[in-house]
Amino acid sequence: MTGARPYVAEMIGTFVLVFGGCGSAVLAGDHIGFQGVALAFGLSLLAMVYAIGPISGCHINPAVTFGLWLSGKVRAPTAVGYVVAQIIGAIIAAAVLYVVAQGNGHFDPVASGFASNGYGARSPGGYGLTSAFIAETVLTAFLVLTVLGATEPAAPVGFAGIAIGLVLTLIHLVGIPVTNTSVNPARSIGPALFAGSAAIAQLWLFIVAPALGAALAAWLYGIIQSPVSALTTRQAEQATPAEQAERLAMAGTKPHQQP
């Protein structure tokens with residue numbers, strides 16, 4: 001089970017992101033608006049960075065995993081396993097959300113859209129395919145570039161999650177009117193399976209555009225990154241050694257001495 005821990009963590013983290021973010025839109029969207037939904041996605045990611053970051057790096061997004069693989073921060077077999085776990089977590093989250101939403105007796109996931117992503121008639125603001133593709137590509141690049149930059153050795157260790165959570169909030173503030181904001185193929189796949197054939201037919205964009213955005217971010221990062229080898233996302237999201245020692249002391253456990 002030890003070797004499976006990161007994959008289970010990715011599944012759980014993606015579940016929380018989809019249930020928390022999409023759940024806020026489906027169950028409370030009329031009350032909290034776009035701003036509230038954007039904050040829900042950002043807070044979900046922020047919380048998971050500190051909850052599972054030390055275990056898996058908290059990618060919880062195939063586009064992020066792809067970008068980190070392109071940048072040499074994760075091995076291909078691990079990346080594939082992460083993506084599978086993320087998609088499973090998103091589907092389970094959408095299924096649980098569907099059951100909860102059905103509780104009022106008149107919920108229709110197809111008519112409501114079930115927080116799925118779309119363009120044209122399925123765009124909240126009526127934006128077409130070109131606008132949607134550009135927005136998803138650029139906004140995914142924002143996210144992946146932030147993840148890559150926040151794990152630089154010069155960045156404050158332990159604070160990567162704050163930057164990543166805030167940029168996801170920003171991304172949703174910009175992208176919700178255009179596509180309902182994906183920047184995450186797993187997040188798109190889960191709700192689309194319950195939102196009808198029209199949502200499924202448009203899924204391709206929310207897989208291709210985020211992948212392109214992740215590749216763009218990896219390329220840009222390769223140009224500007226420090227010559228010093230970057231930390232992994234897992235290392236950057238952990239507490240500093242002093243903080244870890246303090247926590248162990250409070251728990252009555254002595255930290256291991258470094259050789």
# chains A, B, ... in the order shown; residues from 1 in each chain; ligands from 1
$ closest_atom_pairs --of "segment 106-176 of chain A" --to "segment 15-23 of chain A" --cutoff "9 Å" --atoms "only C-alpha atoms" --output "tab-separated table"
residue	atom	partner	partner_atom	distance
A:Phe114	CA	A:Cys22	CA	7.8
A:Ala115	CA	A:Cys22	CA	5.6
A:Ser116	CA	A:Cys22	CA	8.2
$ select_by_dssp --residues "segment 47-228 of chain A" --states "alpha helix (DSSP H)" --output "JSON, numbers by chain"
{"A": [47, 48, 49, 50, 51, 52, 53, 54, 55, 56, 62, 63, 64, 65, 66, 67, 68, 69, 70, 76, 77, 78, 79, 80, 81, 82, 83, 84, 85, 86, 87, 88, 89, 90, 91, 92, 93, 94, 95, 96, 97, 98, 99, 100, 101, 109, 110, 111, 112, 129, 130, 131, 132, 133, 134, 135, 136, 137, 138, 139, 140, 141, 142, 143, 144, 145, 146, 147, 148, 149, 150, 160, 161, 162, 163, 164, 165, 166, 167, 168, 169, 170, 171, 172, 173, 174, 175, 176, 177, 178, 179, 185, 186, 187, 188, 189, 190, 191, 192, 197, 198, 199, 200, 201, 205, 206, 207, 208, 209, 210, 211, 212, 213, 214, 215, 216, 217, 218, 219, 220, 221, 222, 223, 224]}
$ residues_around --residues "Ser71 of chain A" --least-positions-apart "4" --cutoff "12 Å" --atoms "only C-alpha atoms" --output "list in words"
Val64, Thr65, Phe66, Gly67, Arg75, Ala76, Ala79, Val144, Leu145, Val147, Leu148, Gly149, Thr151, Ala214, Ala215, Leu216, Ala217, Ala218, Trp219, Leu220, Tyr221, Gly222, Ile223, Gln225, Ser229, Ala230, Leu231, Thr232 and Thr233 of chain A
$ write_last_selection --atoms "C-alpha atoms" --output "mmCIF file, in the first residue's frame"
data_model
loop_
_atom_site.group_PDB
_atom_site.id
_atom_site.type_symbol
_atom_site.label_atom_id
_atom_site.label_comp_id
_atom_site.auth_asym_id
_atom_site.auth_seq_id
_atom_site.Cartn_x
_atom_site.Cartn_y
_atom_site.Cartn_z
ATOM 1 C CA VAL A 64 -0.361 20.105 -14.138
ATOM 2 C CA THR A 65 1.003 16.564 -14.167
ATOM 3 C CA PHE A 66 1.705 16.869 -17.899
ATOM 4 C CA GLY A 67 3.504 20.171 -17.436
ATOM 5 C CA ARG A 75 8.638 10.428 -14.194
ATOM 6 C CA ALA A 76 6.375 9.145 -16.977
ATOM 7 C CA ALA A 79 2.509 10.806 -14.388
ATOM 8 C CA VAL A 144 1.215 25.474 -14.564
ATOM 9 C CA LEU A 145 3.720 28.331 -14.710
ATOM 10 C CA VAL A 147 3.250 25.662 -9.981
ATOM 11 C CA LEU A 148 6.645 25.487 -11.656
ATOM 12 C CA GLY A 149 7.784 28.866 -10.366
ATOM 13 C CA THR A 151 8.782 25.265 -6.552
ATOM 14 C CA ALA A 214 0.718 23.109 -19.898
ATOM 15 C CA ALA A 215 3.242 22.598 -22.706
ATOM 16 C CA LEU A 216 3.428 26.361 -23.261
ATOM 17 C CA ALA A 217 4.091 26.925 -19.559
ATOM 18 C CA ALA A 218 6.781 24.235 -19.477
ATOM 19 C CA TRP A 219 8.488 25.827 -22.492
ATOM 20 C CA LEU A 220 8.367 29.335 -21.006
ATOM 21 C CA TYR A 221 9.574 28.054 -17.665
ATOM 22 C CA GLY A 222 12.527 26.374 -19.363
ATOM 23 C CA ILE A 223 13.564 29.773 -20.709
ATOM 24 C CA GLN A 225 14.047 29.152 -14.749
ATOM 25 C CA SER A 229 17.754 22.538 -10.049
ATOM 26 C CA ALA A 230 14.199 23.225 -8.919
ATOM 27 C CA LEU A 231 12.557 21.485 -6.023
ATOM 28 C CA THR A 232 9.852 18.957 -6.670
ATOM 29 C CA THR A 233 6.305 20.076 -5.906
#
$ residues_around --residues "Ala186 of chain A" --least-positions-apart "5" --cutoff "9 Å" --atoms "only C-alpha atoms" --output "PDB file with N, CA and C atoms, in the first residue's frame"
ATOM      1  N   THR A  14      -8.295  15.259  -5.916  1.00  0.00           N
ATOM      2  CA  THR A  14      -9.133  15.641  -7.052  1.00  0.00           C
ATOM      3  C   THR A  14     -10.605  15.562  -6.689  1.00  0.00           C
ATOM      4  N   VAL A  18     -13.092  18.791  -7.117  1.00  0.00           N
ATOM      5  CA  VAL A  18     -14.299  18.742  -7.947  1.00  0.00           C
ATOM      6  C   VAL A  18     -15.559  18.879  -7.103  1.00  0.00           C
ATOM      7  N   ILE A  60      -3.411  17.064  -8.660  1.00  0.00           N
ATOM      8  CA  ILE A  60      -4.874  16.943  -8.799  1.00  0.00           C
ATOM      9  C   ILE A  60      -5.397  17.560 -10.098  1.00  0.00           C
ATOM     10  N   ASN A  61      -4.623  17.417 -11.157  1.00  0.00           N
ATOM     11  CA  ASN A  61      -4.966  18.019 -12.445  1.00  0.00           C
ATOM     12  C   ASN A  61      -4.054  17.398 -13.505  1.00  0.00           C
ATOM     13  N   PRO A  62      -4.607  16.689 -14.494  1.00  0.00           N
ATOM     14  CA  PRO A  62      -3.753  16.094 -15.529  1.00  0.00           C
ATOM     15  C   PRO A  62      -2.887  17.102 -16.270  1.00  0.00           C
ATOM     16  N   ALA A  63      -3.374  18.322 -16.442  1.00  0.00           N
ATOM     17  CA  ALA A  63      -2.577  19.340 -17.134  1.00  0.00           C
ATOM     18  C   ALA A  63      -1.343  19.708 -16.319  1.00  0.00           C
ATOM     19  N   VAL A  83      -2.618  10.677 -13.513  1.00  0.00           N
ATOM     20  CA  VAL A  83      -3.734  11.090 -14.367  1.00  0.00           C
ATOM     21  C   VAL A  83      -4.920  10.140 -14.209  1.00  0.00           C
ATOM     22  N   GLN A  86      -6.520  10.851 -10.878  1.00  0.00           N
ATOM     23  CA  GLN A  86      -7.229  12.132 -10.902  1.00  0.00           C
ATOM     24  C   GLN A  86      -8.589  12.000 -11.592  1.00  0.00           C
ATOM     25  N   ILE A  87      -8.621  11.301 -12.700  1.00  0.00           N
ATOM     26  CA  ILE A  87      -9.882  11.127 -13.422  1.00  0.00           C
ATOM     27  C   ILE A  87     -10.864  10.314 -12.596  1.00  0.00           C
ATOM     28  N   ILE A  88     -10.378   9.262 -11.946  1.00  0.00           N
ATOM     29  CA  ILE A  88     -11.248   8.455 -11.084  1.00  0.00           C
ATOM     30  C   ILE A  88     -11.815   9.315  -9.951  1.00  0.00           C
ATOM     31  N   GLY A  89     -10.955  10.095  -9.322  1.00  0.00           N
ATOM     32  CA  GLY A  89     -11.413  10.958  -8.238  1.00  0.00           C
ATOM     33  C   GLY A  89     -12.462  11.952  -8.692  1.00  0.00           C
ATOM     34  N   ALA A  90     -12.278  12.513  -9.889  1.00  0.00           N
ATOM     35  CA  ALA A  90     -13.236  13.490 -10.417  1.00  0.00           C
ATOM     36  C   ALA A  90     -14.585  12.835 -10.718  1.00  0.00           C
ATOM     37  N   ILE A  91     -14.562  11.645 -11.265  1.00  0.00           N
ATOM     38  CA  ILE A  91     -15.815  10.948 -11.584  1.00  0.00           C
ATOM     39  C   ILE A  91     -16.567  10.582 -10.317  1.00  0.00           C
ATOM     40  N   ILE A 207      -9.614  19.006 -22.945  1.00  0.00           N
ATOM     41  CA  ILE A 207      -8.468  18.111 -22.813  1.00  0.00           C
ATOM     42  C   ILE A 207      -7.297  18.671 -23.627  1.00  0.00           C
TER      43      ILE A 207
END
$ residues_around --residues "Leu170 of chain A" --least-positions-apart "3" --cutoff "12 Å" --atoms "only C-alpha atoms" --output "list in words"
Phe34, Gln35, Gly36, Val37, Ala38, Leu39, Ala40, Phe41, Gly42, Leu43, Leu139, Thr140, Phe142, Leu143, Thr146, Ala163, Ile164, Gly165, Leu166, Val167, Leu173, Val174, Gly175, Ile176 and Thr181 of chain A
$ write_last_selection --atoms "N, CA and C atoms" --output "PDB file, in the first residue's frame"
ATOM      1  N   PHE A  34     -20.317  34.025  -9.370  1.00  0.00           N
ATOM      2  CA  PHE A  34     -19.046  33.613  -9.952  1.00  0.00           C
ATOM      3  C   PHE A  34     -17.889  33.782  -8.955  1.00  0.00           C
ATOM      4  N   GLN A  35     -17.935  34.878  -8.198  1.00  0.00           N
ATOM      5  CA  GLN A  35     -16.842  35.149  -7.269  1.00  0.00           C
ATOM      6  C   GLN A  35     -16.757  34.058  -6.197  1.00  0.00           C
ATOM      7  N   GLY A  36     -17.904  33.633  -5.700  1.00  0.00           N
ATOM      8  CA  GLY A  36     -17.919  32.592  -4.685  1.00  0.00           C
ATOM      9  C   GLY A  36     -17.426  31.265  -5.211  1.00  0.00           C
ATOM     10  N   VAL A  37     -17.817  30.930  -6.435  1.00  0.00           N
ATOM     11  CA  VAL A  37     -17.369  29.675  -7.048  1.00  0.00           C
ATOM     12  C   VAL A  37     -15.860  29.717  -7.277  1.00  0.00           C
ATOM     13  N   ALA A  38     -15.361  30.858  -7.757  1.00  0.00           N
ATOM     14  CA  ALA A  38     -13.920  31.000  -7.969  1.00  0.00           C
ATOM     15  C   ALA A  38     -13.164  30.797  -6.666  1.00  0.00           C
ATOM     16  N   LEU A  39     -13.677  31.366  -5.602  1.00  0.00           N
ATOM     17  CA  LEU A  39     -13.031  31.228  -4.298  1.00  0.00           C
ATOM     18  C   LEU A  39     -13.091  29.784  -3.812  1.00  0.00           C
ATOM     19  N   ALA A  40     -14.200  29.105  -4.089  1.00  0.00           N
ATOM     20  CA  ALA A  40     -14.327  27.708  -3.669  1.00  0.00           C
ATOM     21  C   ALA A  40     -13.281  26.827  -4.342  1.00  0.00           C
ATOM     22  N   PHE A  41     -13.048  27.038  -5.623  1.00  0.00           N
ATOM     23  CA  PHE A  41     -12.010  26.268  -6.319  1.00  0.00           C
ATOM     24  C   PHE A  41     -10.624  26.585  -5.738  1.00  0.00           C
ATOM     25  N   GLY A  42     -10.345  27.866  -5.537  1.00  0.00           N
ATOM     26  CA  GLY A  42      -9.046  28.248  -5.003  1.00  0.00           C
ATOM     27  C   GLY A  42      -8.806  27.706  -3.609  1.00  0.00           C
ATOM     28  N   LEU A  43      -9.827  27.776  -2.747  1.00  0.00           N
ATOM     29  CA  LEU A  43      -9.681  27.273  -1.389  1.00  0.00           C
ATOM     30  C   LEU A  43      -9.552  25.757  -1.361  1.00  0.00           C
ATOM     31  N   LEU A 139      -5.060  30.335 -19.646  1.00  0.00           N
ATOM     32  CA  LEU A 139      -5.295  30.215 -18.209  1.00  0.00           C
ATOM     33  C   LEU A 139      -4.621  28.973 -17.624  1.00  0.00           C
ATOM     34  N   THR A 140      -4.574  27.888 -18.397  1.00  0.00           N
ATOM     35  CA  THR A 140      -3.836  26.711 -17.925  1.00  0.00           C
ATOM     36  C   THR A 140      -2.353  27.025 -17.828  1.00  0.00           C
ATOM     37  N   PHE A 142      -1.109  29.884 -17.067  1.00  0.00           N
ATOM     38  CA  PHE A 142      -0.971  30.633 -15.812  1.00  0.00           C
ATOM     39  C   PHE A 142      -0.778  29.668 -14.642  1.00  0.00           C
ATOM     40  N   LEU A 143      -1.648  28.664 -14.580  1.00  0.00           N
ATOM     41  CA  LEU A 143      -1.629  27.728 -13.458  1.00  0.00           C
ATOM     42  C   LEU A 143      -0.330  26.928 -13.418  1.00  0.00           C
ATOM     43  N   THR A 146       2.743  28.940 -12.569  1.00  0.00           N
ATOM     44  CA  THR A 146       2.780  29.249 -11.139  1.00  0.00           C
ATOM     45  C   THR A 146       3.278  28.057 -10.334  1.00  0.00           C
ATOM     46  N   ALA A 163       0.308  30.594  -3.309  1.00  0.00           N
ATOM     47  CA  ALA A 163       0.370  31.141  -4.663  1.00  0.00           C
ATOM     48  C   ALA A 163      -0.492  30.333  -5.622  1.00  0.00           C
ATOM     49  N   ILE A 164      -0.436  29.015  -5.496  1.00  0.00           N
ATOM     50  CA  ILE A 164      -1.175  28.150  -6.416  1.00  0.00           C
ATOM     51  C   ILE A 164      -2.680  28.280  -6.189  1.00  0.00           C
ATOM     52  N   GLY A 165      -3.100  28.329  -4.927  1.00  0.00           N
ATOM     53  CA  GLY A 165      -4.519  28.499  -4.640  1.00  0.00           C
ATOM     54  C   GLY A 165      -5.048  29.834  -5.115  1.00  0.00           C
ATOM     55  N   LEU A 166      -4.253  30.889  -4.936  1.00  0.00           N
ATOM     56  CA  LEU A 166      -4.691  32.217  -5.362  1.00  0.00           C
ATOM     57  C   LEU A 166      -4.767  32.331  -6.877  1.00  0.00           C
ATOM     58  N   VAL A 167      -3.801  31.724  -7.587  1.00  0.00           N
ATOM     59  CA  VAL A 167      -3.855  31.836  -9.038  1.00  0.00           C
ATOM     60  C   VAL A 167      -5.033  31.053  -9.601  1.00  0.00           C
ATOM     61  N   LEU A 173     -12.012  33.569 -11.879  1.00  0.00           N
ATOM     62  CA  LEU A 173     -12.646  34.879 -12.023  1.00  0.00           C
ATOM     63  C   LEU A 173     -12.655  35.326 -13.486  1.00  0.00           C
ATOM     64  N   VAL A 174     -11.597  34.982 -14.212  1.00  0.00           N
ATOM     65  CA  VAL A 174     -11.511  35.337 -15.629  1.00  0.00           C
ATOM     66  C   VAL A 174     -12.283  34.347 -16.489  1.00  0.00           C
ATOM     67  N   GLY A 175     -12.164  33.071 -16.207  1.00  0.00           N
ATOM     68  CA  GLY A 175     -12.635  32.047 -17.124  1.00  0.00           C
ATOM     69  C   GLY A 175     -14.057  31.576 -16.981  1.00  0.00           C
ATOM     70  N   ILE A 176     -14.694  31.766 -15.823  1.00  0.00           N
ATOM     71  CA  ILE A 176     -16.056  31.250 -15.651  1.00  0.00           C
ATOM     72  C   ILE A 176     -17.026  31.794 -16.706  1.00  0.00           C
ATOM     73  N   THR A 181     -14.757  27.601 -16.794  1.00  0.00           N
ATOM     74  CA  THR A 181     -13.385  27.318 -16.368  1.00  0.00           C
ATOM     75  C   THR A 181     -13.109  25.850 -16.116  1.00  0.00           C
TER      76      THR A 181
END
$ closest_residue --among "A:Val26, A:Ile52, A:Val178, A:Leu68" --to "Ser131 of chain A" --atoms "only C-alpha atoms"
A:Val178
$ closest_residue --among "A:Ala198, A:Val183, A:Val99, A:Leu46" --to "Gly120 of chain A" --atoms "only C-alpha atoms"
A:Ala198
$ closest_residue --among "A:Gly190, A:Ala209, A:Pro177, A:Ile162" --to "Val96 of chain A" --atoms "only C-alpha atoms"
A:Gly190
$ atom_distance --atom1 "atom CA of Thr179 of chain A" --atom2 "atom CA of Ala132 of chain A"
6.0 Å
$ closest_residue --among "A:Gly158, A:Gly126, A:Tyr119, A:Ser112" --to "Trp204 of chain A" --atoms "only C-alpha atoms"
A:Tyr119
$ residues_around --residues "Asp108 of chain A" --least-positions-apart "2" --cutoff "12 Å" --atoms "only C-alpha atoms" --output "number ranges by chain"
A: 26, 98-99, 101-106, 110-115, 194-196
$ decode --residues "segment 33-71 of chain A" --atoms "N, CA and C atoms" --output "mmCIF file, in the first residue's frame"
data_model
loop_
_atom_site.group_PDB
_atom_site.id
_atom_site.type_symbol
_atom_site.label_atom_id
_atom_site.label_comp_id
_atom_site.auth_asym_id
_atom_site.auth_seq_id
_atom_site.Cartn_x
_atom_site.Cartn_y
_atom_site.Cartn_z
ATOM 1 N N GLY A 33 -22.599 33.379 -6.534
ATOM 2 C CA GLY A 33 -22.157 33.966 -7.786
ATOM 3 C C GLY A 33 -20.810 33.443 -8.274
ATOM 4 N N PHE A 34 -20.317 34.025 -9.370
ATOM 5 C CA PHE A 34 -19.046 33.613 -9.952
ATOM 6 C C PHE A 34 -17.889 33.782 -8.955
ATOM 7 N N GLN A 35 -17.935 34.878 -8.198
ATOM 8 C CA GLN A 35 -16.842 35.149 -7.269
ATOM 9 C C GLN A 35 -16.757 34.058 -6.197
ATOM 10 N N GLY A 36 -17.904 33.633 -5.700
ATOM 11 C CA GLY A 36 -17.919 32.592 -4.685
ATOM 12 C C GLY A 36 -17.426 31.265 -5.211
ATOM 13 N N VAL A 37 -17.817 30.930 -6.435
ATOM 14 C CA VAL A 37 -17.369 29.675 -7.048
ATOM 15 C C VAL A 37 -15.860 29.717 -7.277
ATOM 16 N N ALA A 38 -15.361 30.858 -7.757
ATOM 17 C CA ALA A 38 -13.920 31.000 -7.969
ATOM 18 C C ALA A 38 -13.164 30.797 -6.666
ATOM 19 N N LEU A 39 -13.677 31.366 -5.602
ATOM 20 C CA LEU A 39 -13.031 31.228 -4.298
ATOM 21 C C LEU A 39 -13.091 29.784 -3.812
ATOM 22 N N ALA A 40 -14.200 29.105 -4.089
ATOM 23 C CA ALA A 40 -14.327 27.708 -3.669
ATOM 24 C C ALA A 40 -13.281 26.827 -4.342
ATOM 25 N N PHE A 41 -13.048 27.038 -5.623
ATOM 26 C CA PHE A 41 -12.010 26.268 -6.319
ATOM 27 C C PHE A 41 -10.624 26.585 -5.738
ATOM 28 N N GLY A 42 -10.345 27.866 -5.537
ATOM 29 C CA GLY A 42 -9.046 28.248 -5.003
ATOM 30 C C GLY A 42 -8.806 27.706 -3.609
ATOM 31 N N LEU A 43 -9.827 27.776 -2.747
ATOM 32 C CA LEU A 43 -9.681 27.273 -1.389
ATOM 33 C C LEU A 43 -9.552 25.757 -1.361
ATOM 34 N N SER A 44 -10.270 25.067 -2.255
ATOM 35 C CA SER A 44 -10.158 23.610 -2.326
ATOM 36 C C SER A 44 -8.731 23.198 -2.658
ATOM 37 N N LEU A 45 -8.145 23.868 -3.649
ATOM 38 C CA LEU A 45 -6.772 23.545 -4.027
ATOM 39 C C LEU A 45 -5.797 23.919 -2.919
ATOM 40 N N LEU A 46 -5.988 25.094 -2.335
ATOM 41 C CA LEU A 46 -5.108 25.539 -1.255
ATOM 42 C C LEU A 46 -5.101 24.541 -0.105
ATOM 43 N N ALA A 47 -6.274 24.086 0.299
ATOM 44 C CA ALA A 47 -6.365 23.128 1.398
ATOM 45 C C ALA A 47 -5.669 21.814 1.048
ATOM 46 N N MET A 48 -5.871 21.339 -0.174
ATOM 47 C CA MET A 48 -5.293 20.061 -0.563
ATOM 48 C C MET A 48 -3.773 20.125 -0.712
ATOM 49 N N VAL A 49 -3.243 21.283 -1.080
ATOM 50 C CA VAL A 49 -1.793 21.413 -1.186
ATOM 51 C C VAL A 49 -1.144 21.061 0.148
ATOM 52 N N TYR A 50 -1.739 21.550 1.237
ATOM 53 C CA TYR A 50 -1.154 21.288 2.551
ATOM 54 C C TYR A 50 -1.580 19.935 3.116
ATOM 55 N N ALA A 51 -2.698 19.415 2.648
ATOM 56 C CA ALA A 51 -3.159 18.113 3.149
ATOM 57 C C ALA A 51 -2.426 16.957 2.486
ATOM 58 N N ILE A 52 -2.268 17.013 1.173
ATOM 59 C CA ILE A 52 -1.670 15.880 0.457
ATOM 60 C C ILE A 52 -0.390 16.256 -0.279
ATOM 61 N N GLY A 53 -0.013 17.533 -0.251
ATOM 62 C CA GLY A 53 1.199 17.955 -0.944
ATOM 63 C C GLY A 53 2.436 17.157 -0.559
ATOM 64 N N PRO A 54 2.670 16.933 0.732
ATOM 65 C CA PRO A 54 3.848 16.157 1.118
ATOM 66 C C PRO A 54 3.801 14.692 0.676
ATOM 67 N N ILE A 55 2.614 14.205 0.305
ATOM 68 C CA ILE A 55 2.466 12.805 -0.099
ATOM 69 C C ILE A 55 2.634 12.641 -1.611
ATOM 70 N N SER A 56 1.951 13.483 -2.387
ATOM 71 C CA SER A 56 1.956 13.310 -3.835
ATOM 72 C C SER A 56 2.424 14.541 -4.602
ATOM 73 N N GLY A 57 2.549 15.682 -3.925
ATOM 74 C CA GLY A 57 2.826 16.926 -4.627
ATOM 75 C C GLY A 57 1.568 17.685 -4.972
ATOM 76 N N CYS A 58 0.406 17.057 -4.770
ATOM 77 C CA CYS A 58 -0.898 17.693 -5.006
ATOM 78 C C CYS A 58 -1.016 18.290 -6.404
ATOM 79 N N HIS A 59 -0.886 17.440 -7.420
ATOM 80 C CA HIS A 59 -1.141 17.901 -8.786
ATOM 81 C C HIS A 59 -2.645 18.080 -8.991
ATOM 82 N N ILE A 60 -3.411 17.064 -8.660
ATOM 83 C CA ILE A 60 -4.874 16.943 -8.799
ATOM 84 C C ILE A 60 -5.397 17.560 -10.098
ATOM 85 N N ASN A 61 -4.623 17.417 -11.157
ATOM 86 C CA ASN A 61 -4.966 18.019 -12.445
ATOM 87 C C ASN A 61 -4.054 17.398 -13.505
ATOM 88 N N PRO A 62 -4.607 16.689 -14.494
ATOM 89 C CA PRO A 62 -3.753 16.094 -15.529
ATOM 90 C C PRO A 62 -2.887 17.102 -16.270
ATOM 91 N N ALA A 63 -3.374 18.322 -16.442
ATOM 92 C CA ALA A 63 -2.577 19.340 -17.134
ATOM 93 C C ALA A 63 -1.343 19.708 -16.319
ATOM 94 N N VAL A 64 -1.502 19.814 -15.002
ATOM 95 C CA VAL A 64 -0.361 20.105 -14.138
ATOM 96 C C VAL A 64 0.632 18.950 -14.180
ATOM 97 N N THR A 65 0.132 17.733 -14.099
ATOM 98 C CA THR A 65 1.003 16.564 -14.167
ATOM 99 C C THR A 65 1.760 16.536 -15.490
ATOM 100 N N PHE A 66 1.073 16.847 -16.577
ATOM 101 C CA PHE A 66 1.705 16.869 -17.899
ATOM 102 C C PHE A 66 2.801 17.921 -17.955
ATOM 103 N N GLY A 67 2.513 19.107 -17.434
ATOM 104 C CA GLY A 67 3.504 20.171 -17.436
ATOM 105 C C GLY A 67 4.721 19.834 -16.593
ATOM 106 N N LEU A 68 4.488 19.203 -15.453
ATOM 107 C CA LEU A 68 5.607 18.809 -14.592
ATOM 108 C C LEU A 68 6.421 17.691 -15.225
ATOM 109 N N TRP A 69 5.760 16.802 -15.965
ATOM 110 C CA TRP A 69 6.489 15.756 -16.682
ATOM 111 C C TRP A 69 7.365 16.366 -17.771
ATOM 112 N N LEU A 70 6.821 17.305 -18.522
ATOM 113 C CA LEU A 70 7.594 17.969 -19.565
ATOM 114 C C LEU A 70 8.796 18.711 -18.984
ATOM 115 N N SER A 71 8.654 19.198 -17.753
ATOM 116 C CA SER A 71 9.735 19.941 -17.107
ATOM 117 C C SER A 71 10.691 19.035 -16.353
#
